[in-house]
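Novice: Enclosed is the structure file work07.csv (CSV, C-alpha atoms).
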chain,number,residue,atom,x,y,z
P,1,MET,CA,20.6,79.2,123.9
P,2,THR,CA,21.8,78.6,120.5
P,3,GLN,CA,21.7,75.1,118.9
P,4,ASN,CA,25.5,75.0,118.6
P,5,TYR,CA,25.9,75.6,122.4
P,6,GLN,CA,23.2,73.0,123.2
P,7,ASP,CA,25.0,70.4,121.1
P,8,LYS,CA,28.3,71.1,122.8
P,9,VAL,CA,26.7,70.8,126.3
P,10,SER,CA,25.0,67.5,125.4
P,11,ALA,CA,28.2,66.1,123.9
P,12,PHE,CA,30.2,67.2,127.0
P,13,LYS,CA,27.6,65.5,129.3
P,14,GLU,CA,27.8,62.3,127.2
P,15,HIS,CA,31.6,62.5,127.4
P,16,HIS,CA,31.5,62.6,131.2
P,17,VAL,CA,29.1,59.7,131.3
P,18,ARG,CA,31.4,57.5,129.2
P,19,LYS,CA,34.5,58.3,131.3
P,20,ASP,CA,36.9,57.3,128.6
P,21,PHE,CA,39.4,59.8,129.9
P,22,ALA,CA,42.6,57.8,128.9
P,23,TYR,CA,41.3,57.4,125.4
P,24,ASP,CA,40.2,61.1,125.2
P,25,ALA,CA,43.6,62.3,126.4
P,26,LYS,CA,45.2,60.4,123.5
P,27,VAL,CA,42.7,61.8,121.0
P,28,ILE,CA,43.3,65.4,122.3
P,29,GLU,CA,47.1,65.0,122.1
P,30,LYS,CA,46.8,63.6,118.6
P,31,ASN,CA,44.6,66.6,117.6
P,32,VAL,CA,47.0,69.1,119.2
P,33,ASN,CA,49.7,67.6,116.9
P,34,LYS,CA,47.4,67.9,113.9
P,35,LEU,CA,46.7,71.5,114.9
P,36,MET,CA,50.5,72.2,115.0
P,37,GLU,CA,50.9,70.7,111.6
P,38,CYS,CA,48.1,72.9,110.2
P,39,ILE,CA,49.6,76.0,111.7
P,40,LYS,CA,53.0,75.1,110.2
P,41,ALA,CA,51.5,74.3,106.8
P,42,ASP,CA,49.5,77.6,106.7
P,43,TYR,CA,52.7,79.5,107.5
P,44,HIS,CA,54.6,77.8,104.7
P,45,ARG,CA,51.8,78.6,102.2
P,46,LYS,CA,52.3,82.3,103.1
P,47,TRP,CA,56.1,82.4,103.6
P,48,ASP,CA,57.9,79.6,101.6
P,49,ASN,CA,61.5,79.8,102.6
P,50,ARG,CA,61.3,80.9,106.2
P,51,ASP,CA,61.7,78.5,109.2
P,52,TYR,CA,58.8,78.4,111.7
P,53,ASN,CA,59.1,76.6,115.0
P,54,VAL,CA,55.9,75.2,116.4
P,55,SER,CA,56.0,73.1,119.6
P,56,TYR,CA,53.8,72.3,122.6
P,57,LYS,CA,54.4,72.2,126.3
P,58,LYS,CA,52.4,70.0,128.6
P,59,GLY,CA,51.2,71.8,131.8
P,60,ASN,CA,49.1,70.8,134.7
P,61,LYS,CA,45.8,71.8,133.0
P,62,TYR,CA,46.6,72.9,129.5
P,63,TRP,CA,48.7,72.1,126.4
P,64,LYS,CA,50.5,75.3,125.5
P,65,VAL,CA,51.1,75.5,121.7
P,66,ILE,CA,54.1,77.8,121.1
P,67,THR,CA,55.1,79.3,117.8
P,68,ASP,CA,58.6,80.8,117.6
P,69,ASN,CA,58.6,82.9,120.8
P,70,SER,CA,54.9,83.4,121.6
P,71,VAL,CA,51.9,81.4,122.7
P,72,HIS,CA,49.6,80.5,119.8
P,73,CYS,CA,46.8,78.9,121.9
P,74,PHE,CA,46.0,76.8,125.0
P,75,VAL,CA,44.2,73.4,124.8
P,76,ASP,CA,42.5,72.0,127.9
P,77,ARG,CA,43.9,68.5,128.6
P,78,ILE,CA,40.6,67.1,129.9
P,79,THR,CA,37.9,68.7,127.8
P,80,GLY,CA,39.9,69.6,124.6
P,81,ASP,CA,38.7,73.2,124.6
P,82,VAL,CA,41.0,75.6,122.6
P,83,PHE,CA,41.5,79.0,124.1
P,84,LYS,CA,43.1,82.2,122.8
P,85,PRO,CA,46.0,83.2,125.0
P,86,ALA,CA,45.5,86.1,127.4
P,87,SER,CA,49.2,86.1,128.4
P,88,TRP,CA,52.1,83.8,128.3
P,89,SER,CA,50.8,81.7,131.2
P,90,LYS,CA,47.0,82.3,131.1
P,91,PRO,CA,44.3,81.6,128.6
P,92,ALA,CA,41.3,83.8,127.8
P,93,PRO,CA,38.2,82.7,129.7
P,94,ILE,CA,36.0,81.8,126.7
P,95,PRO,CA,36.8,78.6,124.7
P,96,ARG,CA,36.9,79.1,121.0
P,97,PHE,CA,36.9,75.5,119.6
P,98,ASN,CA,36.9,71.9,120.9
P,99,LEU,CA,39.4,69.3,119.7
P,100,LEU,CA,37.5,66.4,121.3
P,101,ILE,CA,34.0,67.0,120.0
P,102,ASN,CA,34.6,68.8,116.7
P,103,ALA,CA,38.3,68.9,115.8
P,104,GLN,CA,37.8,69.3,112.1
P,105,ASP,CA,36.1,72.7,112.6
P,106,CYS,CA,39.2,74.0,114.3
P,107,LEU,CA,41.6,72.4,111.9
P,108,THR,CA,39.9,73.8,108.8
P,109,LYS,CA,39.8,77.4,110.2
P,110,CYS,CA,43.3,77.5,111.7
P,111,ASP,CA,45.9,79.9,110.5
P,112,TRP,CA,49.5,80.7,111.5
P,113,ASN,CA,48.8,84.0,113.2
P,114,GLY,CA,45.8,82.9,115.4
P,115,GLY,CA,43.1,85.1,113.8
P,116,TYR,CA,40.7,82.2,113.9
P,117,LEU,CA,40.8,82.4,117.8
P,118,TYR,CA,39.1,85.8,117.9
P,119,ILE,CA,35.3,85.9,118.6
P,120,ARG,CA,33.4,87.4,115.7
Mind turning this structure into structure tokens?
Specialist:
Amino acid sequence: MTQNYQDKVSAFKEHHVRKDFAYDAKVIEKNVNKLMECIKADYHRKWDNRDYNVSYKKGNKYWKVITDNSVHCFVDRITGDVFKPASWSKPAPIPRFNLLINAQDCLTKCDWNGGYLYIR
């Protein structure tokens, strides 16, 4: 196991011991809004005069971040994991980032077209 994976597992276990789910849900929602702002800002750096609609939709399990007419990403409402979309209604199985444990990593790498969501 890599050190990064072990750190995520230990942070996730600590999260479930604390059981601050109401607070965590607010933090995740706040970070989803920050992610949307970063996506929009990156788009406007590339295309100055064009309008770009970024919104989110709350589902049973995921926040769905929607850009114009496509899904940008899914964010798990409980764990804060960020997933690349597999289709309009389903995320890919492997989480790419976490908005609860290390949101800054996701926010610094995000771009308007979702290239940061691919596994390299």
Novice: Could you check which of P:Ile78, P:Leu107, P:Phe97, P:Ser87 is closest to Ala41 of chain P, using all atoms listed in the file?
Specialist: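 Answer, going by the shortest atom-to-atom distance: P:Leu107.
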Novice: Could you check the closest approach to Ile94 of chain P for each of P:Tyr52, P:Phe74, P:Trp112, P:Tyr23 and tell me which residue wins, using all atoms listed in the file?
Specialist: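 Of P:Tyr52, P:Phe74, P:Trp112, P:Tyr23, the one nearest Ile94 of chain P is P:Phe74, counting all atoms listed in the file.
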Novice: Between atom CA of Leu100 of chain P and atom CA of Gly115 of chain P, what distance in Å does the model show, to one decimal?
Specialist: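 Computing the Euclidean distance for atom CA of Leu100 of chain P and atom CA of Gly115 of chain P yields 20.9 Å.
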Novice: Report, in Å to a single decimal, how far apart atom CA of Ser89 of chain P and atom CA of Cys73 of chain P are.
Specialist: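 Result for atom CA of Cys73 of chain P versus atom CA of Ser89 of chain P: 10.5 Å, one decimal.
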Novice: Figure out the distance between atom CA of Tyr118 of chain P and atom CA of Arg96 of chain P, please, to one decimal in Å.
Specialist: 7.7 Å
Novice: Do a neighbour search on Lys90 of chain P at 10 Å with all atoms listed in the file, toss out local chain neighbours closer than 3 positions, and write the hits as a PyMOL selection string.
Specialist: chain P and resi 62+64+71+73-74+83-87+93
Novice: Got a sec: who's within 12 Å of segment 102-106 of chain P, counting only C-alpha atoms, leaving out chain neighbours fewer than 6 positions off, as JSON, numbers by chain?
Specialist: {"P": [4, 7, 8, 11, 12, 27, 28, 29, 30, 31, 32, 33, 34, 35, 36, 38, 39, 73, 75, 79, 80, 81, 82, 83, 95, 96, 114, 115, 116, 117]}
Novice: Identify which of the residues P:Lys40, P:Arg50, P:Arg45, P:Arg77 lies closest to Ala25 of chain P, counting only C-alpha atoms when measuring atom-to-atom distances.
Specialist: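 Smallest separation from Ala25 of chain P among the options: P:Arg77.
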Novice: With all atoms listed in the file as the atoms that count, which of P:Asp111, P:Asp76, P:Asp68, P:Asp24 lies nearest to Val54 of chain P?
Specialist: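 Closest residue, counting all atoms listed in the file: P:Asp68.
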Novice: Which residue out of P:Trp88, P:Asn113, P:Tyr56, P:Arg120 has the minimum interatomic distance to Ser70 of chain P when only C-alpha atoms are used?
Specialist: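 Selected residue with least distance to Ser70 of chain P: P:Trp88.
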